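What follows is my_file_15.txt (compact mmCIF, C-alpha atoms).
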# COMPACT_ATOMS: atom_id res chain seq x y z
CA MET A 978 -30.18 -4.23 -73.53
CA ALA A 979 -27.54 -4.79 -70.83
CA ALA A 980 -27.02 -1.01 -70.46
CA LYS A 981 -30.75 -0.41 -70.00
CA GLY A 982 -30.90 -3.13 -67.32
CA LEU A 983 -27.95 -1.58 -65.52
CA ASP A 984 -29.55 1.87 -65.71
CA LYS A 985 -32.76 0.53 -64.27
CA CYS A 986 -31.02 -1.17 -61.36
CA PHE A 987 -28.89 1.96 -60.67
CA PHE A 988 -32.04 4.08 -60.64
CA SER A 989 -33.80 1.68 -58.30
CA LEU A 990 -30.71 1.57 -56.07
CA ARG A 991 -30.63 5.38 -55.93
CA LEU A 992 -34.35 5.49 -55.05
CA LEU A 993 -33.84 2.95 -52.31
CA ARG A 994 -30.87 4.91 -50.99
CA ASN A 995 -32.85 8.18 -50.98
CA LEU A 996 -35.77 6.51 -49.27
CA GLN A 997 -33.44 4.99 -46.74
CA LEU A 998 -31.77 8.36 -46.04
CA ARG A 999 -35.08 10.16 -45.70
CA ASN A 1000 -36.40 7.46 -43.41
CA GLU A 1001 -33.25 7.57 -41.35
CA ARG A 1002 -33.45 11.34 -41.02
CA LEU A 1003 -37.07 11.15 -39.95
CA VAL A 1004 -36.31 8.31 -37.57
CA SER A 1005 -33.22 10.02 -36.10
CA THR A 1006 -34.94 13.35 -35.39
CA SER A 1007 -37.98 11.65 -33.85
CA ALA A 1008 -35.69 9.44 -31.73
CA CYS A 1009 -33.77 12.54 -30.55
CA ARG A 1010 -36.93 14.33 -29.61
CA LEU A 1011 -38.13 11.32 -27.65
CA VAL A 1012 -34.86 10.90 -25.67
CA ASP A 1013 -34.06 14.53 -24.67
CA ASP A 1014 -34.61 18.08 -25.79
CA LYS A 1015 -31.07 19.32 -25.13
CA PHE A 1016 -28.61 19.91 -27.90
CA ILE A 1017 -25.69 17.51 -27.42
CA PRO A 1018 -22.63 19.21 -28.89
CA PRO A 1019 -20.00 17.05 -30.60
CA SER A 1020 -17.17 15.95 -28.28
CA LYS A 1021 -14.34 18.49 -28.12
CA PRO A 1022 -11.08 17.30 -29.69
CA VAL A 1023 -8.26 16.64 -27.22
CA ILE A 1024 -5.37 18.90 -28.21
CA ILE A 1025 -2.00 17.36 -27.36
CA ASP A 1026 0.42 20.29 -27.57
CA LYS A 1027 3.61 18.79 -28.97
CA THR A 1028 5.33 22.21 -28.95
CA GLN A 1029 5.58 22.08 -25.14
CA SER A 1030 8.84 20.38 -24.28
CA VAL A 1031 9.11 17.63 -21.70
CA ALA A 1032 11.32 19.89 -19.61
CA SER A 1033 8.58 22.47 -19.06
CA LEU A 1034 6.10 19.87 -17.74
CA ARG A 1035 5.51 19.99 -14.04
CA LYS A 1036 7.47 17.25 -12.25
CA PHE A 1037 5.30 15.32 -9.84
CA LEU A 1038 6.12 12.17 -7.94
CA SER A 1039 3.14 10.66 -6.14
CA PRO A 1040 3.86 10.61 -2.39
CA GLU A 1041 3.22 6.87 -2.02
CA PHE A 1042 6.38 6.12 -4.02
CA VAL A 1043 8.64 7.61 -1.36
CA PRO A 1044 9.44 4.81 1.12
CA PRO A 1045 9.19 5.67 4.83
CA ARG A 1046 12.18 5.61 7.13
CA GLN A 1047 12.09 2.03 8.38
CA ARG A 1048 14.22 -0.97 9.04
CA THR A 1049 12.58 -3.07 6.31
CA ASN A 1050 14.54 -4.36 3.35
CA PRO A 1051 14.56 -1.85 0.43
CA LEU A 1052 13.90 -4.80 -1.87
CA LYS A 1053 10.31 -4.81 -0.60
CA PHE A 1054 9.85 -1.20 -1.68
CA SER A 1055 11.42 -1.72 -5.10
CA ILE A 1056 9.17 -4.71 -5.79
CA GLU A 1057 6.15 -2.70 -4.68
CA ARG A 1058 7.15 0.16 -6.96
CA LYS A 1059 7.33 -2.23 -9.92
CA ASP A 1060 3.81 -3.42 -9.19
CA MET A 1061 2.59 0.14 -8.80
CA ILE A 1062 4.02 1.10 -12.18
CA ARG A 1063 2.41 -1.97 -13.77
CA ARG A 1064 -0.97 -0.89 -12.44
CA ARG A 1065 -0.40 2.69 -13.54
CA LYS A 1066 0.24 1.52 -17.10
CA VAL A 1067 -3.24 0.02 -17.16
CA LEU A 1068 -5.13 2.72 -15.25
CA ASN A 1069 -4.18 6.36 -15.55
CA ILE A 1070 -3.88 7.80 -12.03
CA PRO A 1071 -3.53 11.56 -12.52
CA GLU A 1072 -1.61 14.02 -10.44
CA PHE A 1073 -3.69 15.40 -7.59
CA TYR A 1074 -3.17 17.01 -4.21
CA VAL A 1075 -5.10 17.32 -0.98
CA GLY A 1076 -7.80 19.88 -1.71
CA SER A 1077 -8.42 18.92 -5.34
CA ILE A 1078 -11.83 17.74 -6.44
CA LEU A 1079 -11.87 14.21 -7.85
CA ALA A 1080 -14.45 11.91 -9.41
CA VAL A 1081 -13.82 8.21 -8.81
CA SER A 1082 -15.77 5.42 -10.47
CA MET A 1083 -15.47 2.07 -8.74
CA ALA A 1084 -16.81 -1.36 -9.74
CA ASP A 1085 -19.73 -2.41 -7.58
CA PRO A 1086 -21.70 -5.61 -8.27
CA HIS A 1087 -24.81 -4.27 -6.50
CA ALA A 1088 -25.00 -0.88 -8.25
CA SER A 1089 -26.97 -0.41 -11.46
CA GLY A 1090 -24.48 -0.32 -14.33
CA LYS A 1091 -21.99 -2.27 -12.17
CA ALA A 1092 -20.09 0.94 -11.30
CA ASN A 1093 -20.71 3.78 -8.89
CA ARG A 1094 -19.30 7.26 -9.21
CA PHE A 1095 -18.41 9.53 -6.31
CA VAL A 1096 -17.30 13.14 -6.51
CA GLY A 1097 -15.62 14.87 -3.59
CA ILE A 1098 -12.73 16.90 -2.20
CA CYS A 1099 -9.63 14.95 -1.33
CA ILE A 1100 -9.01 15.58 2.37
CA GLN A 1101 -6.20 13.16 3.10
CA ARG A 1102 -3.65 11.07 1.25
CA GLY A 1103 -2.24 8.28 3.36
CA GLY A 1104 -0.29 5.07 3.15
CA LYS A 1105 2.79 4.15 1.16
CA GLY A 1106 3.27 1.60 -1.59
CA LEU A 1107 0.37 -0.42 -2.91
CA GLY A 1108 -1.83 0.34 0.09
CA ALA A 1109 -1.91 4.07 -0.63
CA THR A 1110 -5.32 5.60 0.05
CA PHE A 1111 -7.09 8.89 -0.38
CA VAL A 1112 -10.25 10.08 1.34
CA LEU A 1113 -12.90 11.98 -0.62
CA ARG A 1114 -15.47 14.06 1.21
CA ASN A 1115 -18.79 15.41 -0.02
CA ILE A 1116 -22.14 16.35 1.44
CA ILE A 1117 -25.10 14.55 -0.15
CA ASN A 1118 -28.67 15.31 0.98
CA ASN A 1119 -27.37 17.19 4.05
CA GLN A 1120 -25.31 14.17 5.10
CA GLY A 1121 -21.54 14.34 5.09
CA VAL A 1122 -20.02 11.33 3.34
CA GLU A 1123 -16.34 10.38 3.35
CA ILE A 1124 -15.09 7.47 1.30
CA CYS A 1125 -11.56 6.13 1.60
CA TYR A 1126 -10.36 4.70 -1.73
CA GLU A 1127 -7.25 2.65 -2.33
CA LEU A 1128 -5.36 4.03 -5.34
CA TYR A 1129 -4.19 0.66 -6.58
CA SER A 1130 -7.34 -1.32 -5.93
CA PRO A 1131 -8.48 -3.30 -8.99
CA ARG A 1132 -12.06 -2.19 -8.31
CA ILE A 1133 -11.27 1.37 -9.29
CA GLN A 1134 -12.17 1.95 -12.94
CA SER A 1135 -11.31 5.60 -13.38
CA VAL A 1136 -9.97 8.57 -11.42
CA GLU A 1137 -10.61 12.01 -12.91
CA VAL A 1138 -9.44 15.30 -11.56
CA LEU A 1139 -12.25 17.82 -11.91
CA LYS A 1140 -10.33 20.67 -10.31
CA LEU A 1141 -6.64 20.59 -9.54
CA GLU A 1142 -5.61 22.80 -6.67
CA LYS A 1143 -3.68 22.78 -3.44
CA ARG A 1144 -4.70 24.09 -0.06
CA LEU A 1145 -2.77 25.57 2.81
CA ASP A 1146 -2.61 22.25 4.69
CA ASP A 1147 -1.75 18.66 3.91
CA ASN A 1148 -4.67 17.30 5.88
CA LEU A 1149 -8.15 18.76 5.60
CA MET A 1150 -9.77 16.64 8.32
CA TYR A 1151 -10.96 19.89 9.95
CA LEU A 1152 -13.60 20.16 7.23
CA ARG A 1153 -15.64 17.80 9.40
CA ASP A 1154 -15.97 20.60 11.95
CA ALA A 1155 -16.29 23.36 9.40
CA LEU A 1156 -19.52 24.76 8.00
CA PRO A 1157 -21.04 22.37 5.41
CA GLU A 1158 -20.69 24.85 2.56
CA TYR A 1159 -16.93 24.20 2.45
CA SER A 1160 -17.32 20.45 1.88
CA THR A 1161 -20.13 20.46 -0.69
CA VAL A 1162 -19.13 19.59 -4.22
CA ASP A 1163 -21.59 19.49 -7.09
CA PRO A 1164 -21.71 15.86 -8.34
CA ASP A 1165 -22.30 17.01 -11.91
CA MET A 1166 -19.44 19.45 -11.88
CA LYS A 1167 -17.70 20.03 -15.20
CA PRO A 1168 -13.95 19.46 -15.19
CA VAL A 1169 -12.03 22.73 -14.88
CA PRO A 1170 -9.19 22.80 -17.42
CA PHE A 1171 -5.68 23.02 -16.00
CA SER A 1172 -2.34 23.21 -17.69
CA PRO A 1173 0.32 20.52 -17.20
CA THR A 1174 3.01 23.21 -16.88
CA GLY A 1175 3.55 25.88 -14.29
CA GLU A 1176 2.70 25.96 -10.60
CA VAL A 1177 -0.32 24.27 -9.09
CA PRO A 1178 -2.86 26.94 -8.00
CA VAL A 1179 -2.99 27.28 -4.21
CA ASN A 1180 -6.39 28.09 -2.73
CA ASN A 1181 -5.71 30.36 0.26
CA ILE A 1182 -9.22 29.96 1.62
CA LYS A 1183 -9.61 30.23 5.40
CA VAL A 1184 -12.48 28.10 6.54
CA ARG A 1185 -15.13 29.11 9.09
CA MET A 1186 -15.82 26.54 11.77
CA ARG A 1187 -18.90 25.36 13.62
CA PRO A 1188 -18.99 26.18 17.34
CA LYS A 1189 -16.82 24.05 19.61
CA PRO A 1190 -16.54 21.15 20.60
CA TRP A 1191 -14.66 19.90 17.55
CA SER A 1192 -13.55 16.35 16.81
CA LYS A 1193 -9.93 17.36 17.42
CA ARG A 1194 -8.44 20.44 19.03
CA TRP A 1195 -7.40 22.02 15.74
CA GLU A 1196 -6.02 25.15 17.39
CA ARG A 1197 -3.12 23.23 18.96
CA PRO A 1198 0.24 23.78 17.27
CA LYS A 1199 0.89 20.07 16.70
CA PHE A 1200 -1.62 20.09 13.82
CA ASN A 1201 -0.10 23.27 12.40
CA ILE A 1202 -3.25 24.26 10.52
CA GLN A 1203 -3.10 27.40 8.41
CA GLY A 1204 -6.49 27.15 6.76
CA ILE A 1205 -8.93 27.96 9.62
CA ARG A 1206 -10.18 31.41 10.64
CA PHE A 1207 -9.38 31.14 14.32
CA ASP A 1208 -10.07 34.83 14.98
CA LEU A 1209 -13.80 34.22 14.42
CA CYS A 1210 -14.18 31.22 16.72
CA LEU A 1211 -11.51 31.58 19.43
CA THR A 1212 -10.47 34.40 21.73
CA PRO A 1213 -6.79 35.43 21.87
CA GLU A 1214 -6.59 34.01 25.43
CA LYS A 1215 -7.63 30.60 24.15
CA MET A 1216 -5.07 30.81 21.35
CA GLU A 1217 -2.37 31.59 23.92
CA HIS A 1218 -3.55 28.72 26.07
CA ALA A 1219 -3.27 26.42 23.06
CA GLN A 1220 0.34 27.56 22.54
CA LYS A 1221 1.21 25.84 25.84
CA TRP A 1222 1.34 22.60 23.85
CA ALA A 1223 3.82 24.05 21.39
CA GLU A 1224 7.10 22.16 21.40
CA PRO A 1225 9.63 24.73 20.16
CA TRP A 1226 12.50 22.26 20.36
CA ARG A 1227 10.91 20.03 17.74
CA GLU A 1228 12.13 22.06 14.77
CA TYR A 1229 15.71 21.77 16.04
CA ASP A 1230 15.51 18.04 16.76
CA MET A 1231 17.75 16.50 14.13
CA LEU A 1232 16.49 13.01 14.87
CA LYS A 1233 13.05 13.87 13.51
CA GLU A 1234 14.31 15.24 10.19
CA TYR A 1235 13.89 13.08 7.10
CA ASP A 1236 15.29 14.69 3.98
CA THR A 1237 13.76 13.02 0.94
CA SER A 1238 14.84 15.44 -1.81
CA LYS A 1239 17.64 13.29 -3.28
CA LEU A 1240 15.60 10.11 -2.90
CA GLU A 1241 12.66 11.77 -4.63
CA GLU A 1242 14.75 12.89 -7.60
CA HIS A 1243 16.13 9.40 -8.02
CA LEU A 1244 12.68 7.83 -7.75
CA LEU A 1245 11.22 10.36 -10.19
CA ASP A 1246 13.84 9.54 -12.83
CA GLU A 1247 13.20 5.83 -12.33
CA PHE A 1248 9.42 6.36 -12.56
CA GLN A 1249 9.62 8.40 -15.75
CA GLN A 1250 11.91 5.86 -17.37
CA GLU A 1251 9.65 2.95 -16.48
CA MET A 1252 6.48 4.74 -17.63
CA SER A 1253 7.95 5.66 -20.97
CA LYS A 1254 8.80 2.02 -21.76
CA MET B 1167 -8.03 -13.82 32.72
CA ARG B 1168 -5.85 -11.78 30.37
CA LEU B 1169 -6.72 -12.56 26.78
CA THR B 1170 -4.35 -10.09 25.07
CA LEU B 1171 -0.57 -9.86 25.20
CA ARG B 1172 0.74 -6.66 26.74
CA ALA B 1173 4.06 -6.40 24.96
CA LEU B 1174 6.51 -3.53 25.47
CA ILE B 1175 7.49 -3.16 21.82
CA SER B 1176 8.83 0.27 20.82
CA HIS B 1177 7.90 -0.24 17.13
CA GLY B 1178 10.79 1.61 15.57
CA ARG B 1179 11.21 4.43 18.08
CA VAL B 1180 14.90 5.40 18.11
CA ALA B 1181 14.96 8.14 20.76
CA ARG B 1182 15.60 7.00 24.33
CA LYS B 1183 13.54 8.44 27.18
CA MET B 1184 15.82 10.61 29.34
CA GLY B 1185 15.13 12.97 32.20
CA LEU B 1186 11.69 14.36 32.95
CA GLY B 1187 10.24 14.40 29.41
CA PRO B 1188 11.04 15.32 25.79
CA GLU B 1189 11.96 18.91 26.70
CA SER B 1190 14.18 17.77 29.55
CA ARG B 1191 15.83 15.20 27.27
CA ILE B 1192 16.65 17.84 24.66
CA ASN B 1193 18.01 20.21 27.32
CA MET B 1194 20.21 17.48 28.76
CA LEU B 1195 21.53 16.61 25.30
CA ARG B 1196 22.17 20.29 24.65
CA ASN B 1197 24.30 20.56 27.78
CA LEU B 1198 26.24 17.43 26.88
CA LEU B 1199 26.80 18.63 23.33
CA THR B 1200 28.01 22.04 24.55
CA GLY B 1201 30.44 20.33 26.89
CA LEU B 1202 31.65 18.08 24.09
CA VAL B 1203 32.27 20.98 21.73
CA ARG B 1204 34.11 22.91 24.46
CA HIS B 1205 36.31 20.11 25.81
CA GLU B 1206 36.24 17.69 22.85
CA ARG B 1207 36.22 14.74 25.26
CA ILE B 1208 33.59 14.06 27.91
CA GLU B 1209 32.67 11.14 30.12
CA THR B 1210 29.06 10.35 30.91
CA THR B 1211 26.81 7.35 31.18
CA THR B 1212 26.79 5.06 28.14
CA ALA B 1213 23.15 5.77 27.22
CA ARG B 1214 23.65 9.55 27.24
CA ALA B 1215 26.87 9.27 25.26
CA ASP B 1216 25.11 7.14 22.66
CA GLU B 1217 22.28 9.69 22.29
CA VAL B 1218 24.65 12.66 22.08
CA ARG B 1219 26.79 10.89 19.46
CA PHE B 1220 24.06 11.13 16.82
CA TYR B 1221 23.42 14.81 17.54
CA ALA B 1222 27.16 15.60 17.61
CA GLU B 1223 27.66 14.15 14.14
CA LYS B 1224 24.57 15.89 12.74
CA LEU B 1225 25.78 19.19 14.23
CA VAL B 1226 29.11 18.81 12.43
CA ASP B 1227 27.21 18.09 9.18
CA TYR B 1228 25.30 21.35 9.64
CA ALA B 1229 28.53 23.20 10.50
CA LYS B 1230 30.08 21.95 7.25
CA ARG B 1231 27.45 23.94 5.35
CA GLY B 1232 29.22 27.08 6.51
CA ASP B 1233 28.15 29.87 8.85
CA THR B 1234 26.53 31.91 6.07
CA ASP B 1235 23.78 29.27 5.91
CA GLU B 1236 20.83 30.50 7.99
CA LYS B 1237 19.58 27.07 9.04
CA ALA B 1238 23.09 26.03 10.14
CA MET B 1239 23.46 29.16 12.25
CA LYS B 1240 20.05 28.64 13.89
CA MET B 1241 20.88 25.04 14.73
CA ALA B 1242 24.29 25.97 16.13
CA SER B 1243 22.89 28.78 18.27
CA PHE B 1244 20.15 26.50 19.61
CA TRP B 1245 22.34 23.52 20.43
CA LEU B 1246 25.35 25.41 21.87
CA THR B 1247 24.21 27.19 25.02
CA GLU B 1248 27.58 28.95 25.42
CA LYS B 1249 27.68 31.30 22.47
CA ASP B 1250 31.48 31.57 22.33
CA LEU B 1251 31.56 27.99 21.02
CA VAL B 1252 29.62 28.83 17.84
CA PRO B 1253 32.69 30.32 16.07
CA LYS B 1254 34.79 27.39 17.37
CA LEU B 1255 32.33 24.97 15.75
CA PHE B 1256 32.40 26.68 12.36
CA ASN B 1257 36.09 27.63 12.23
CA VAL B 1258 37.80 24.72 14.01
CA LEU B 1259 35.62 21.60 13.96
CA ALA B 1260 34.10 21.97 10.47
CA PRO B 1261 37.45 22.33 8.60
CA ARG B 1262 38.93 19.48 10.67
CA PHE B 1263 36.30 17.05 9.39
CA GLU B 1264 36.17 18.26 5.79
CA THR B 1265 37.71 15.06 4.42
CA HIS B 1266 35.62 12.74 6.63
CA SER B 1267 32.14 11.96 5.34
CA LYS B 1268 30.85 10.48 8.61
CA GLY B 1269 32.31 9.16 11.83
CA TYR B 1270 33.53 12.28 13.59
CA THR B 1271 33.21 10.82 17.09
CA ARG B 1272 34.65 7.94 19.00
CA MET B 1273 33.05 6.25 22.00
CA ALA B 1274 34.79 3.94 24.46
CA ARG B 1275 33.63 2.27 27.65
CA LEU B 1276 35.00 3.16 31.06
CA PRO B 1277 34.94 1.31 34.37
CA ASN B 1278 31.64 1.72 36.20
CA ARG B 1279 31.07 4.84 38.28
CA GLU B 1280 32.30 4.66 41.90
CA ASN B 1281 28.95 5.83 43.32
CA LEU B 1282 26.29 3.61 44.80
CA ASP B 1283 24.56 3.39 41.39
CA ARG B 1284 27.64 1.75 39.69
CA ALA B 1285 26.46 3.32 36.41
CA LYS B 1286 27.89 2.19 33.09
CA MET B 1287 30.21 5.02 31.98
CA ALA B 1288 31.56 5.91 28.55
CA VAL B 1289 33.88 8.53 27.13
CA LEU B 1290 32.91 10.35 23.96
CA GLU B 1291 35.36 12.42 21.95
CA TYR B 1292 35.67 14.19 18.62
CA LYS B 1293 38.41 12.66 16.48
CA GLY B 1294 41.54 14.77 16.09
CA ASN B 1295 41.45 16.13 19.62
CA PRO B 1296 44.69 17.31 21.29
CA PHE B 1297 44.58 14.82 24.18
CA PRO B 1298 46.55 11.54 24.28
CA PRO B 1299 44.69 8.72 22.47
CA LEU B 1300 42.06 6.63 24.21
CA TYR B 1301 43.57 3.39 22.93
CA PRO B 1302 47.32 3.97 23.32
CA VAL B 1303 49.45 2.36 20.61
CA LYS B 1304 51.83 -0.18 22.15
CA LYS B 1305 55.34 0.20 20.77
CA ASP B 1306 57.71 -2.73 20.72
CA ASN B 1307 60.66 -2.59 23.14
CA GLU B 1308 63.59 -1.00 21.21
CA LEU B 1309 66.17 -2.52 23.52
CA THR B 1310 65.61 -6.24 22.79
CA LEU B 1311 68.36 -8.04 20.81
CA ILE B 1312 66.24 -8.85 17.75
CA ASN B 1313 64.94 -5.24 17.48
CA GLN B 1314 68.51 -3.88 17.72
CA LEU B 1315 69.72 -6.28 14.97
CA LEU B 1316 66.74 -5.36 12.75
CA ARG B 1317 67.44 -1.67 13.31
CA GLY B 1318 71.07 -2.19 12.26
CA TYR B 1319 69.94 -4.10 9.14
CA ARG B 1320 67.51 -1.32 8.21
CA GLU B 1321 70.23 1.33 8.56
CA ASP B 1322 72.68 -0.69 6.40
CA ARG B 1323 70.07 -1.09 3.66
CA ALA B 1324 69.34 2.62 3.76
CA GLN B 1325 73.09 3.39 3.39
CA GLN B 1326 73.42 0.98 0.44
CA LEU B 1327 70.46 2.52 -1.36
CA ALA B 1328 71.84 6.03 -0.74
CA THR B 1329 75.28 5.08 -2.19
CA LYS B 1330 73.62 3.36 -5.26
CA ALA B 1331 71.44 6.40 -6.04
Show the structure stored in the file as structure tokens.
Amino acid sequence: MAAKGLDKCFFSLRLLRNLQLRNERLVSTSACRLVDDKFIPPSKPVIIDKTQSVASLRKFLSPEFVPPRQRTNPLKFSIERKDMIRRRKVLNIPEFYVGSILAVSMADPHASGKANRFVGICIQRGGKGLGATFVLRNIINNQGVEICYELYSPRIQSVEVLKLEKRLDDNLMYLRDALPEYSTVDPDMKPVPFSPTGEVPVNNIKVRMRPKPWSKRWERPKFNIQGIRFDLCLTPEKMEHAQKWAEPWREYDMLKEYDTSKLEEHLLDEFQQEMSK
Amino acid sequence: MRLTLRALISHGRVARKMGLGPESRINMLRNLLTGLVRHERIETTTARADEVRFYAEKLVDYAKRGDTDEKAMKMASFWLTEKDLVPKLFNVLAPRFETHSKGYTRMARLPNRENLDRAKMAVLEYKGNPFPPLYPVKKDNELTLINQLLRGYREDRAQQLATKA
């Protein structure tokens, strides 16, 4: 009697389960078809290659850690570095250079979804310590847009590197006077995979400029720009005229030299120790 | 009515303005440095001596790298206008200061210049130069009674120690 009852309830349970599954399948497919027609592939697994040793990883110290040559107390810089490392433990700020393409999502109370996302080329990295900034440039609806983000601002929710590369210069402000095709970045760009070992790829592109006047006289040697095609926009006489502002004694002026190699090594060791804690 | 303060604050600039401009300043410092390397003791105005001091010490640091180093050779050939001083820098001055880590120069004030400008003068020298010292060491008078007695005592002690040993 008890066995029969159990059988019956098992059978009914199985029926219910089958019905449920069938209903779910029907419901899920119909829901999918309503939302979108594209096939969403499953998320790719992140492969952490443990065979690569720590020694072969590329060593990178973010430039805002290196203190400038000043008369201020070094205690100020060491306290700032501690705070920077504390922030970095919460938010992952990846390695990037001027010329890489980044996507930054920042908290904004007035945007839908409380966050807005901006994709652009990094044209300048400025500031030291907690006030370090980077400027992203993109052209949206034929309008050039540059946004200056602070790396350690609490409003920043994520920084992703879509394409890691270097350019011939440290400062790409001349992209404002270049043809718009060099500053456009697709906002829905897929991240290009890059390896954490080996050299950073250098993009040797030489940019074509709009006709003069430019915002700054980029041909003058004080800017020392390698990444513009001057032969297309300036005559050799103009180039020679620009060389009048060259200061050849500057490279021999020992007062202007600031050798940071030893300081950087020391700071890098400190940084890696603190981050691994 | 002036609402803002016009303050002459240099904000961390360490290089003095000299001569007609930056190029003139570097040329003047080059001449001073060449003279210093040739004669190892020069007298100029205090401001110029102070500027040259930094460059003199940095030049010796570069010379310590050795003359096979390309950067060191470029620096030396730029800063020394008389090219016969380049071997002197690498073969005489660099070995002399091998044990010193910094502080290769000495600066002392002089009485003001006799001209109408009464300029503040200073003498700048590389340490270890062959001239008599800038601050001469005053020796006690050997011929006073106490010094003669002490000398006798020292000689007796030396004799006693020699006979003991």
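One distance worth recording is that between CA of Arg1114 (chain A) and CA of Glu1072 (chain A), which is 18.1 Å.
Interatomic distance, CA of Cys1099 (chain A) to CA of Ser1077 (chain A): 5.8 Å.
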Checklist entry - For Ala1084 (chain A), which residue out of A:Asn1069, A:Ser1238, A:Gln1203, A:Gln1134 is the nearest one, using all atoms listed in the file? => result A:Gln1134
Item to check | Straight-line distance linking CA of Leu1139 (chain A) with CA of Arg1063 (chain A), stated in Å to one decimal | outcome: 24.7 Å
Checklist entry - What residues in chain A lie within 12 Å of chain B, counting only C-alpha atoms, written as a VMD selection string? => result chain A and resid 1045 to 1049 1222 to 1234
Checklist entry - For the point (-10.0, 22.7, -11.9) in file coordinates, what residues are within 12 Å, counting only C-alpha atoms? Give the answer as a list in words? => result Phe1073, Tyr1074, Gly1076, Ser1077, Ile1078, Leu1079, Ala1080, Ile1098, Glu1137, Val1138, Leu1139, Lys1140, Leu1141, Glu1142, Lys1143, Met1166, Lys1167, Pro1168, Val1169, Pro1170, Phe1171, Ser1172, Pro1173, Val1177, Pro1178, Val1179 and Asn1180 of chain A
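All residues of protein, DNA or RNA that reach within 12 Å of Asp1060 (chain A), judged by all atoms listed in the file and not counting those fewer than 5 positions away in the chain, are Phe1042, Lys1053, Phe1054, Ser1055, Arg1065, Lys1066, Val1067, Gly1106, Leu1107, Gly1108, Tyr1129, Ser1130, Phe1248 and Glu1251 of chain A.
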